[in-house]
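Undergrad: Would you mind keeping the following structure in view while I ask a few things?
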Amino acid sequence: MKASPSLLPLLRSRMQGELLALVLLHPEREYSITELAEACGVTPTAVLCEVERLVVGGILEDRRVGRSRLVKARTDTPLYRPLSEVIAVTFGPRPLLAEALSGLAGVREAYIYGSWAARYSGEPGRPPGDVDVLVVGSPAPDALFDLAGGVSRRLGREVNVHRISPASWAASSTDPFLVSVRERPLIPLSLDQETSR
């Protein structure tokens with residue numbers, strides 16, 4: 001398992017946080033063990049062990065369909081709402097921003113940078129107050145503003161979006177902003193959202 005980041009030290013691993021964020025923040029959807037493993041970047045065996053703990057703990061529910069095991073959030077327990085709120089604030093930016101940006105025309109790449117990316121990468125420090133997002137492409141500014149507002153409400157924290165052209169991102173630059181972004185942790189957002197639909 002990957003080392004636990006500073007985002008939520010109560011969890012054993014970053015994989016546990018990623019798995020909980022994916023499943024709890026999409027309670028209407030069922031996921032196969034394979035889908036969860038691919039989304040979290042770990043083996044199906046690692047996901048299966050974690051899922052079994054969470055099913056026994058009453059946080060997730062599962063069912064078998066043929067040889068597949070499908071998993072979803074248990075929304076009928078007193079734990080669901082507070083736990084999903086904590087997970088949204090800590091591990092939610094990555095899946096929620098990826099989901100929102102994947103449907104926006106003109107987005108080629110997107111990254112989280114700044115303090116949230118640093119904590120996600122395991123750098124110690126204070127909990128991040130906001131989430132900084134770099135969008136490479138040419139989406140409409142108003143659409144980005146609306147998207148940031150919607151995700152901000154779901155996360156319970158401000159989302160700041162900075163748009164840059166693909167040519168500027170690809171070129172070497174002495175622009176202090178780009179130098180700073182490239183030198184610090186940068187978390188890519190997967191814009192292929194088959195696992196969240």
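Going by the structure tokens order, chains are called A, B, ..., each with residues numbered from 1, while ligands are numbered from 1 in the order shown.
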Based on the backbone DSSP call, show me all residues of stretch 78-182 of chain A assigned strand (DSSP E or B), as a list in words.
TA: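 Answer for stretch 78-182 of chain A, restricted to strand (DSSP E or B): Val107, Arg108, Glu109, Ala110, Tyr111, Ile112, Tyr113, Asp130, Val131, Asp132, Val133, Leu134, Val135, Val136, Gly137, Glu158, Val159, Asn160, Val161, His162, Arg163 and Ile164 of chain A.
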Undergrad: Limited to N, CA, C and O atoms, could you put the picked residues into a file as a PDB file, in the first residue's frame?
TA:
```
ATOM      1  N   VAL A 107     -10.841  21.241 -22.544  1.00  0.00           N
ATOM      2  CA  VAL A 107      -9.856  20.861 -21.538  1.00  0.00           C
ATOM      3  C   VAL A 107      -8.991  19.732 -22.089  1.00  0.00           C
ATOM      4  O   VAL A 107      -9.499  18.671 -22.440  1.00  0.00           O
ATOM      5  N   ARG A 108      -7.680  19.957 -22.173  1.00  0.00           N
ATOM      6  CA  ARG A 108      -6.763  18.918 -22.656  1.00  0.00           C
ATOM      7  C   ARG A 108      -6.108  18.167 -21.507  1.00  0.00           C
ATOM      8  O   ARG A 108      -5.936  16.963 -21.561  1.00  0.00           O
ATOM      9  N   GLU A 109      -5.685  18.893 -20.491  1.00  0.00           N
ATOM     10  CA  GLU A 109      -5.043  18.311 -19.312  1.00  0.00           C
ATOM     11  C   GLU A 109      -5.473  19.136 -18.112  1.00  0.00           C
ATOM     12  O   GLU A 109      -5.848  20.301 -18.253  1.00  0.00           O
ATOM     13  N   ALA A 110      -5.364  18.545 -16.926  1.00  0.00           N
ATOM     14  CA  ALA A 110      -5.659  19.284 -15.709  1.00  0.00           C
ATOM     15  C   ALA A 110      -4.850  18.690 -14.567  1.00  0.00           C
ATOM     16  O   ALA A 110      -4.583  17.481 -14.545  1.00  0.00           O
ATOM     17  N   TYR A 111      -4.446  19.562 -13.654  1.00  0.00           N
ATOM     18  CA  TYR A 111      -3.600  19.170 -12.524  1.00  0.00           C
ATOM     19  C   TYR A 111      -4.034  19.916 -11.279  1.00  0.00           C
ATOM     20  O   TYR A 111      -4.460  21.062 -11.349  1.00  0.00           O
ATOM     21  N   ILE A 112      -3.873  19.263 -10.135  1.00  0.00           N
ATOM     22  CA  ILE A 112      -3.990  19.963  -8.858  1.00  0.00           C
ATOM     23  C   ILE A 112      -2.575  20.289  -8.414  1.00  0.00           C
ATOM     24  O   ILE A 112      -1.675  19.451  -8.498  1.00  0.00           O
ATOM     25  N   TYR A 113      -2.373  21.513  -7.957  1.00  0.00           N
ATOM     26  CA  TYR A 113      -1.065  21.938  -7.460  1.00  0.00           C
ATOM     27  C   TYR A 113      -1.267  22.643  -6.126  1.00  0.00           C
ATOM     28  O   TYR A 113      -2.370  22.690  -5.594  1.00  0.00           O
ATOM     29  N   ASP A 130      -7.576  25.630   0.542  1.00  0.00           N
ATOM     30  CA  ASP A 130      -8.245  25.649  -0.748  1.00  0.00           C
ATOM     31  C   ASP A 130      -7.603  24.617  -1.667  1.00  0.00           C
ATOM     32  O   ASP A 130      -6.670  23.922  -1.266  1.00  0.00           O
ATOM     33  N   VAL A 131      -8.112  24.522  -2.875  1.00  0.00           N
ATOM     34  CA  VAL A 131      -7.579  23.592  -3.862  1.00  0.00           C
ATOM     35  C   VAL A 131      -7.262  24.402  -5.119  1.00  0.00           C
ATOM     36  O   VAL A 131      -8.136  25.099  -5.653  1.00  0.00           O
ATOM     37  N   ASP A 132      -6.023  24.322  -5.579  1.00  0.00           N
ATOM     38  CA  ASP A 132      -5.581  25.035  -6.767  1.00  0.00           C
ATOM     39  C   ASP A 132      -5.527  24.075  -7.944  1.00  0.00           C
ATOM     40  O   ASP A 132      -4.932  22.997  -7.849  1.00  0.00           O
ATOM     41  N   VAL A 133      -6.130  24.477  -9.064  1.00  0.00           N
ATOM     42  CA  VAL A 133      -6.228  23.621 -10.239  1.00  0.00           C
ATOM     43  C   VAL A 133      -5.670  24.355 -11.453  1.00  0.00           C
ATOM     44  O   VAL A 133      -6.013  25.518 -11.691  1.00  0.00           O
ATOM     45  N   LEU A 134      -4.823  23.665 -12.197  1.00  0.00           N
ATOM     46  CA  LEU A 134      -4.290  24.179 -13.452  1.00  0.00           C
ATOM     47  C   LEU A 134      -4.989  23.442 -14.584  1.00  0.00           C
ATOM     48  O   LEU A 134      -4.952  22.208 -14.640  1.00  0.00           O
ATOM     49  N   VAL A 135      -5.630  24.187 -15.469  1.00  0.00           N
ATOM     50  CA  VAL A 135      -6.318  23.605 -16.617  1.00  0.00           C
ATOM     51  C   VAL A 135      -5.561  24.009 -17.871  1.00  0.00           C
ATOM     52  O   VAL A 135      -5.355  25.189 -18.123  1.00  0.00           O
ATOM     53  N   VAL A 136      -5.129  23.019 -18.635  1.00  0.00           N
ATOM     54  CA  VAL A 136      -4.428  23.246 -19.894  1.00  0.00           C
ATOM     55  C   VAL A 136      -5.442  23.073 -21.015  1.00  0.00           C
ATOM     56  O   VAL A 136      -6.038  22.004 -21.152  1.00  0.00           O
ATOM     57  N   GLY A 137      -5.657  24.138 -21.785  1.00  0.00           N
ATOM     58  CA  GLY A 137      -6.620  24.078 -22.871  1.00  0.00           C
ATOM     59  C   GLY A 137      -7.301  25.404 -23.072  1.00  0.00           C
ATOM     60  O   GLY A 137      -6.803  26.457 -22.644  1.00  0.00           O
ATOM     61  N   GLU A 158     -12.758  26.336  -1.025  1.00  0.00           N
ATOM     62  CA  GLU A 158     -12.622  27.083  -2.277  1.00  0.00           C
ATOM     63  C   GLU A 158     -11.759  26.331  -3.288  1.00  0.00           C
ATOM     64  O   GLU A 158     -10.746  25.734  -2.947  1.00  0.00           O
ATOM     65  N   VAL A 159     -12.195  26.378  -4.549  1.00  0.00           N
ATOM     66  CA  VAL A 159     -11.428  25.818  -5.661  1.00  0.00           C
ATOM     67  C   VAL A 159     -11.021  26.981  -6.557  1.00  0.00           C
ATOM     68  O   VAL A 159     -11.872  27.741  -7.021  1.00  0.00           O
ATOM     69  N   ASN A 160      -9.710  27.140  -6.757  1.00  0.00           N
ATOM     70  CA  ASN A 160      -9.169  28.195  -7.619  1.00  0.00           C
ATOM     71  C   ASN A 160      -8.654  27.562  -8.903  1.00  0.00           C
ATOM     72  O   ASN A 160      -7.809  26.672  -8.848  1.00  0.00           O
ATOM     73  N   VAL A 161      -9.173  28.015 -10.044  1.00  0.00           N
ATOM     74  CA  VAL A 161      -8.780  27.441 -11.328  1.00  0.00           C
ATOM     75  C   VAL A 161      -7.957  28.458 -12.104  1.00  0.00           C
ATOM     76  O   VAL A 161      -8.349  29.621 -12.235  1.00  0.00           O
ATOM     77  N   HIS A 162      -6.822  28.009 -12.607  1.00  0.00           N
ATOM     78  CA  HIS A 162      -5.945  28.837 -13.447  1.00  0.00           C
ATOM     79  C   HIS A 162      -5.870  28.152 -14.807  1.00  0.00           C
ATOM     80  O   HIS A 162      -5.516  26.976 -14.895  1.00  0.00           O
ATOM     81  N   ARG A 163      -6.222  28.871 -15.869  1.00  0.00           N
ATOM     82  CA  ARG A 163      -6.218  28.319 -17.220  1.00  0.00           C
ATOM     83  C   ARG A 163      -4.952  28.755 -17.955  1.00  0.00           C
ATOM     84  O   ARG A 163      -4.522  29.894 -17.830  1.00  0.00           O
ATOM     85  N   ILE A 164      -4.383  27.829 -18.734  1.00  0.00           N
ATOM     86  CA  ILE A 164      -3.180  28.112 -19.506  1.00  0.00           C
ATOM     87  C   ILE A 164      -3.308  27.425 -20.870  1.00  0.00           C
ATOM     88  O   ILE A 164      -3.916  26.359 -20.965  1.00  0.00           O
TER      89      ILE A 164
END
```
Undergrad: For A:Glu183, list every protein, DNA or RNA residue within 12 Å, evaluated using only C-alpha atoms, and leave out those in the same chain fewer than 5 positions away; present the list as an mmCIF file with all heavy atoms, in the first residue's frame.
TA:
```cif
data_model
loop_
_atom_site.group_PDB
_atom_site.id
_atom_site.type_symbol
_atom_site.label_atom_id
_atom_site.label_comp_id
_atom_site.auth_asym_id
_atom_site.auth_seq_id
_atom_site.Cartn_x
_atom_site.Cartn_y
_atom_site.Cartn_z
ATOM 1 N N TYR A 113 -2.373 21.513 -7.957
ATOM 2 C CA TYR A 113 -1.065 21.938 -7.460
ATOM 3 C C TYR A 113 -1.267 22.643 -6.126
ATOM 4 O O TYR A 113 -2.370 22.690 -5.594
ATOM 5 C CB TYR A 113 -0.353 22.832 -8.498
ATOM 6 C CG TYR A 113 -1.032 24.170 -8.747
ATOM 7 C CD1 TYR A 113 -0.610 25.323 -8.082
ATOM 8 C CD2 TYR A 113 -2.075 24.292 -9.657
ATOM 9 C CE1 TYR A 113 -1.223 26.545 -8.315
ATOM 10 C CE2 TYR A 113 -2.689 25.502 -9.901
ATOM 11 C CZ TYR A 113 -2.264 26.635 -9.223
ATOM 12 O OH TYR A 113 -2.871 27.841 -9.455
ATOM 13 N N GLY A 114 -0.216 23.155 -5.557
ATOM 14 C CA GLY A 114 -0.329 23.902 -4.305
ATOM 15 C C GLY A 114 -0.361 23.010 -3.077
ATOM 16 O O GLY A 114 0.102 21.873 -3.095
ATOM 17 N N ALA A 117 -2.005 19.418 -3.239
ATOM 18 C CA ALA A 117 -1.132 18.460 -3.933
ATOM 19 C C ALA A 117 0.042 18.059 -3.050
ATOM 20 O O ALA A 117 0.452 16.893 -3.034
ATOM 21 C CB ALA A 117 -0.633 19.058 -5.246
ATOM 22 N N ALA A 118 0.574 19.007 -2.303
ATOM 23 C CA ALA A 118 1.699 18.704 -1.410
ATOM 24 C C ALA A 118 1.272 17.726 -0.317
ATOM 25 O O ALA A 118 1.983 16.758 -0.026
ATOM 26 C CB ALA A 118 2.250 19.989 -0.797
ATOM 27 N N PRO A 176 7.398 33.067 -13.321
ATOM 28 C CA PRO A 176 7.489 32.590 -11.927
ATOM 29 C C PRO A 176 6.356 31.644 -11.527
ATOM 30 O O PRO A 176 6.580 30.696 -10.776
ATOM 31 C CB PRO A 176 7.444 33.875 -11.097
ATOM 32 C CG PRO A 176 7.849 34.958 -12.043
ATOM 33 C CD PRO A 176 7.433 34.522 -13.410
ATOM 34 N N PHE A 177 5.152 31.895 -12.030
ATOM 35 C CA PHE A 177 4.030 31.016 -11.701
ATOM 36 C C PHE A 177 4.293 29.604 -12.230
ATOM 37 O O PHE A 177 4.186 28.624 -11.491
ATOM 38 C CB PHE A 177 2.721 31.566 -12.278
ATOM 39 C CG PHE A 177 1.585 30.592 -12.184
ATOM 40 C CD1 PHE A 177 0.970 30.327 -10.969
ATOM 41 C CD2 PHE A 177 1.139 29.902 -13.315
ATOM 42 C CE1 PHE A 177 -0.067 29.406 -10.872
ATOM 43 C CE2 PHE A 177 0.102 28.985 -13.231
ATOM 44 C CZ PHE A 177 -0.499 28.744 -12.009
ATOM 45 N N LEU A 178 4.633 29.487 -13.508
ATOM 46 C CA LEU A 178 4.864 28.168 -14.093
ATOM 47 C C LEU A 178 6.066 27.466 -13.467
ATOM 48 O O LEU A 178 6.031 26.256 -13.240
ATOM 49 C CB LEU A 178 5.053 28.277 -15.607
ATOM 50 C CG LEU A 178 3.793 28.571 -16.393
ATOM 51 C CD1 LEU A 178 4.107 28.702 -17.879
ATOM 52 C CD2 LEU A 178 2.745 27.499 -16.165
#
```
Undergrad: Given only C-alpha atoms, how would the per-residue table for stretch 126-148 of chain A near stretch 98-105 of chain A read, listing every residue at most 9 Å away with its closest atom pair and distance in Å to one decimal, sorted by chain and number, as JSON lines?
TA:
```
{"residue": "A:Val135", "atom": "CA", "partner": "A:Leu101", "partner_atom": "CA", "distance": 8.7}
{"residue": "A:Ser138", "atom": "CA", "partner": "A:Ala105", "partner_atom": "CA", "distance": 8.0}
{"residue": "A:Pro139", "atom": "CA", "partner": "A:Ala105", "partner_atom": "CA", "distance": 5.8}
{"residue": "A:Ala140", "atom": "CA", "partner": "A:Ala105", "partner_atom": "CA", "distance": 8.1}
{"residue": "A:Ala143", "atom": "CA", "partner": "A:Leu104", "partner_atom": "CA", "distance": 7.8}
{"residue": "A:Leu144", "atom": "CA", "partner": "A:Leu104", "partner_atom": "CA", "distance": 8.3}
{"residue": "A:Leu147", "atom": "CA", "partner": "A:Ala100", "partner_atom": "CA", "distance": 6.9}
{"residue": "A:Ala148", "atom": "CA", "partner": "A:Ala100", "partner_atom": "CA", "distance": 9.0}
```
Undergrad: Write a file of the just-selected residues containing N, CA, C and O atoms, as an mmCIF file, in the first residue's frame.
TA:
```
data_model
loop_
_atom_site.group_PDB
_atom_site.id
_atom_site.type_symbol
_atom_site.label_atom_id
_atom_site.label_comp_id
_atom_site.auth_asym_id
_atom_site.auth_seq_id
_atom_site.Cartn_x
_atom_site.Cartn_y
_atom_site.Cartn_z
ATOM 1 N N VAL A 135 -5.630 24.187 -15.469
ATOM 2 C CA VAL A 135 -6.318 23.605 -16.617
ATOM 3 C C VAL A 135 -5.561 24.009 -17.871
ATOM 4 O O VAL A 135 -5.355 25.189 -18.123
ATOM 5 N N SER A 138 -8.482 25.345 -23.689
ATOM 6 C CA SER A 138 -9.200 26.579 -24.011
ATOM 7 C C SER A 138 -10.678 26.520 -23.632
ATOM 8 O O SER A 138 -11.541 26.921 -24.406
ATOM 9 N N PRO A 139 -11.000 26.021 -22.436
ATOM 10 C CA PRO A 139 -12.413 26.035 -22.042
ATOM 11 C C PRO A 139 -12.882 27.470 -21.803
ATOM 12 O O PRO A 139 -12.077 28.363 -21.511
ATOM 13 N N ALA A 140 -14.161 27.686 -21.930
ATOM 14 C CA ALA A 140 -14.734 29.010 -21.705
ATOM 15 C C ALA A 140 -14.507 29.436 -20.255
ATOM 16 O O ALA A 140 -14.756 28.655 -19.333
ATOM 17 N N ALA A 143 -17.498 28.958 -17.990
ATOM 18 C CA ALA A 143 -17.745 27.550 -17.669
ATOM 19 C C ALA A 143 -16.795 27.084 -16.563
ATOM 20 O O ALA A 143 -17.200 26.353 -15.660
ATOM 21 N N LEU A 144 -15.531 27.513 -16.625
ATOM 22 C CA LEU A 144 -14.566 27.161 -15.571
ATOM 23 C C LEU A 144 -14.977 27.762 -14.236
ATOM 24 O O LEU A 144 -14.870 27.114 -13.195
ATOM 25 N N LEU A 147 -17.885 25.774 -12.906
ATOM 26 C CA LEU A 147 -17.390 24.471 -12.480
ATOM 27 C C LEU A 147 -16.700 24.578 -11.118
ATOM 28 O O LEU A 147 -16.962 23.788 -10.214
ATOM 29 N N ALA A 148 -15.839 25.582 -10.965
ATOM 30 C CA ALA A 148 -15.131 25.774 -9.692
ATOM 31 C C ALA A 148 -16.119 26.024 -8.555
ATOM 32 O O ALA A 148 -15.965 25.483 -7.453
#
```
Undergrad: Using DSSP on the backbone coordinates, identify all residues within stretch 30-92 of chain A classified as helix (DSSP H, G or I); present the result as an mmCIF file with N, CA and C atoms, in the first residue's frame.
TA:
```cif
data_model
loop_
_atom_site.group_PDB
_atom_site.id
_atom_site.type_symbol
_atom_site.label_atom_id
_atom_site.label_comp_id
_atom_site.auth_asym_id
_atom_site.auth_seq_id
_atom_site.Cartn_x
_atom_site.Cartn_y
_atom_site.Cartn_z
ATOM 1 N N ILE A 33 -14.337 -4.719 -8.357
ATOM 2 C CA ILE A 33 -13.018 -4.698 -7.713
ATOM 3 C C ILE A 33 -11.957 -4.258 -8.717
ATOM 4 N N THR A 34 -12.063 -4.710 -9.948
ATOM 5 C CA THR A 34 -11.101 -4.341 -10.995
ATOM 6 C C THR A 34 -11.147 -2.845 -11.277
ATOM 7 N N GLU A 35 -12.345 -2.276 -11.370
ATOM 8 C CA GLU A 35 -12.473 -0.832 -11.606
ATOM 9 C C GLU A 35 -11.833 -0.041 -10.475
ATOM 10 N N LEU A 36 -12.091 -0.450 -9.256
ATOM 11 C CA LEU A 36 -11.520 0.251 -8.107
ATOM 12 C C LEU A 36 -9.998 0.137 -8.097
ATOM 13 N N ALA A 37 -9.476 -1.034 -8.416
ATOM 14 C CA ALA A 37 -8.026 -1.231 -8.452
ATOM 15 C C ALA A 37 -7.387 -0.334 -9.498
ATOM 16 N N GLU A 38 -7.989 -0.265 -10.691
ATOM 17 C CA GLU A 38 -7.453 0.600 -11.742
ATOM 18 C C GLU A 38 -7.506 2.060 -11.340
ATOM 19 N N ALA A 39 -8.620 2.492 -10.750
ATOM 20 C CA ALA A 39 -8.765 3.891 -10.341
ATOM 21 C C ALA A 39 -7.777 4.276 -9.244
ATOM 22 N N CYS A 40 -7.470 3.329 -8.355
ATOM 23 C CA CYS A 40 -6.562 3.607 -7.231
ATOM 24 C C CYS A 40 -5.112 3.277 -7.553
ATOM 25 N N PRO A 44 -5.891 -5.681 -7.610
ATOM 26 C CA PRO A 44 -7.226 -6.073 -7.148
ATOM 27 C C PRO A 44 -7.193 -6.725 -5.762
ATOM 28 N N THR A 45 -6.121 -7.443 -5.456
ATOM 29 C CA THR A 45 -6.005 -8.073 -4.134
ATOM 30 C C THR A 45 -5.981 -7.030 -3.025
ATOM 31 N N ALA A 46 -5.230 -5.936 -3.232
ATOM 32 C CA ALA A 46 -5.169 -4.865 -2.229
ATOM 33 C C ALA A 46 -6.543 -4.233 -2.029
ATOM 34 N N VAL A 47 -7.252 -4.003 -3.127
ATOM 35 C CA VAL A 47 -8.596 -3.419 -3.036
ATOM 36 C C VAL A 47 -9.538 -4.388 -2.347
ATOM 37 N N LEU A 48 -9.457 -5.664 -2.687
ATOM 38 C CA LEU A 48 -10.336 -6.668 -2.087
ATOM 39 C C LEU A 48 -10.172 -6.708 -0.568
ATOM 40 N N CYS A 49 -8.937 -6.664 -0.093
ATOM 41 C CA CYS A 49 -8.693 -6.661 1.364
ATOM 42 C C CYS A 49 -9.337 -5.448 2.017
ATOM 43 N N GLU A 50 -9.176 -4.286 1.387
ATOM 44 C CA GLU A 50 -9.753 -3.059 1.945
ATOM 45 C C GLU A 50 -11.271 -3.100 1.890
ATOM 46 N N VAL A 51 -11.825 -3.557 0.778
ATOM 47 C CA VAL A 51 -13.278 -3.654 0.641
ATOM 48 C C VAL A 51 -13.853 -4.579 1.702
ATOM 49 N N GLU A 52 -13.204 -5.699 1.944
ATOM 50 C CA GLU A 52 -13.715 -6.629 2.960
ATOM 51 C C GLU A 52 -13.762 -5.970 4.335
ATOM 52 N N ARG A 53 -12.729 -5.195 4.690
ATOM 53 C CA ARG A 53 -12.743 -4.481 5.975
ATOM 54 C C ARG A 53 -13.903 -3.483 6.036
ATOM 55 N N LEU A 54 -14.101 -2.762 4.941
ATOM 56 C CA LEU A 54 -15.136 -1.722 4.916
ATOM 57 C C LEU A 54 -16.543 -2.308 4.871
ATOM 58 N N VAL A 55 -16.710 -3.475 4.261
ATOM 59 C CA VAL A 55 -18.013 -4.152 4.270
ATOM 60 C C VAL A 55 -18.323 -4.640 5.684
ATOM 61 N N VAL A 56 -17.350 -5.281 6.327
ATOM 62 C CA VAL A 56 -17.547 -5.752 7.702
ATOM 63 C C VAL A 56 -17.837 -4.578 8.637
ATOM 64 N N TYR A 80 -22.643 7.293 7.142
ATOM 65 C CA TYR A 80 -22.462 7.707 5.754
ATOM 66 C C TYR A 80 -22.253 9.212 5.593
ATOM 67 N N ARG A 81 -23.167 10.006 6.082
ATOM 68 C CA ARG A 81 -23.085 11.452 5.840
ATOM 69 C C ARG A 81 -21.820 12.079 6.429
ATOM 70 N N PRO A 82 -21.522 11.900 7.728
ATOM 71 C CA PRO A 82 -20.308 12.546 8.246
ATOM 72 C C PRO A 82 -19.030 12.000 7.610
ATOM 73 N N LEU A 83 -18.985 10.697 7.351
ATOM 74 C CA LEU A 83 -17.785 10.131 6.744
ATOM 75 C C LEU A 83 -17.602 10.646 5.318
ATOM 76 N N SER A 84 -18.686 10.718 4.546
ATOM 77 C CA SER A 84 -18.566 11.218 3.173
ATOM 78 C C SER A 84 -18.166 12.689 3.167
ATOM 79 N N GLU A 85 -18.595 13.464 4.168
ATOM 80 C CA GLU A 85 -18.181 14.874 4.247
ATOM 81 C C GLU A 85 -16.685 14.985 4.549
ATOM 82 N N VAL A 86 -16.176 14.173 5.467
ATOM 83 C CA VAL A 86 -14.741 14.188 5.781
ATOM 84 C C VAL A 86 -13.926 13.742 4.569
ATOM 85 N N ILE A 87 -14.380 12.702 3.895
ATOM 86 C CA ILE A 87 -13.664 12.219 2.707
ATOM 87 C C ILE A 87 -13.721 13.258 1.592
ATOM 88 N N ALA A 88 -14.854 13.937 1.416
ATOM 89 C CA ALA A 88 -14.956 14.976 0.377
ATOM 90 C C ALA A 88 -13.949 16.089 0.619
ATOM 91 N N VAL A 89 -13.824 16.518 1.860
ATOM 92 C CA VAL A 89 -12.914 17.614 2.190
ATOM 93 C C VAL A 89 -11.453 17.193 2.019
ATOM 94 N N THR A 90 -11.133 15.950 2.306
ATOM 95 C CA THR A 90 -9.741 15.512 2.274
ATOM 96 C C THR A 90 -9.344 14.881 0.946
#
```
Undergrad: Return the single residue from A:Arg119, A:Arg184, A:Arg94, A:Lys72 that is closest to A:Val151, with distances computed using only C-alpha atoms.
TA: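 The closest residue to A:Val151 is A:Arg94.
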Undergrad: Tell me which of A:Val71, A:Ala171, A:Leu96, A:Leu79 sits closest to A:Glu18, counting only C-alpha atoms.
TA: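 The closest residue to A:Glu18 is A:Leu96.
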Undergrad: I need the residue nearest A:Pro9 from this list: A:Pro124, A:Pro141, A:Ser190, A:Gly106. Use only C-alpha atoms for the distance.
TA: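 Of A:Pro124, A:Pro141, A:Ser190, A:Gly106, the one nearest A:Pro9, counting only C-alpha atoms, is A:Pro124.
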Undergrad: Find the distance between atom CA of A:Gly92 and atom CA of A:Ala21 and write it in Å to one decimal.
TA: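 Separation between atom CA of A:Gly92 and atom CA of A:Ala21: 5.6 Å.
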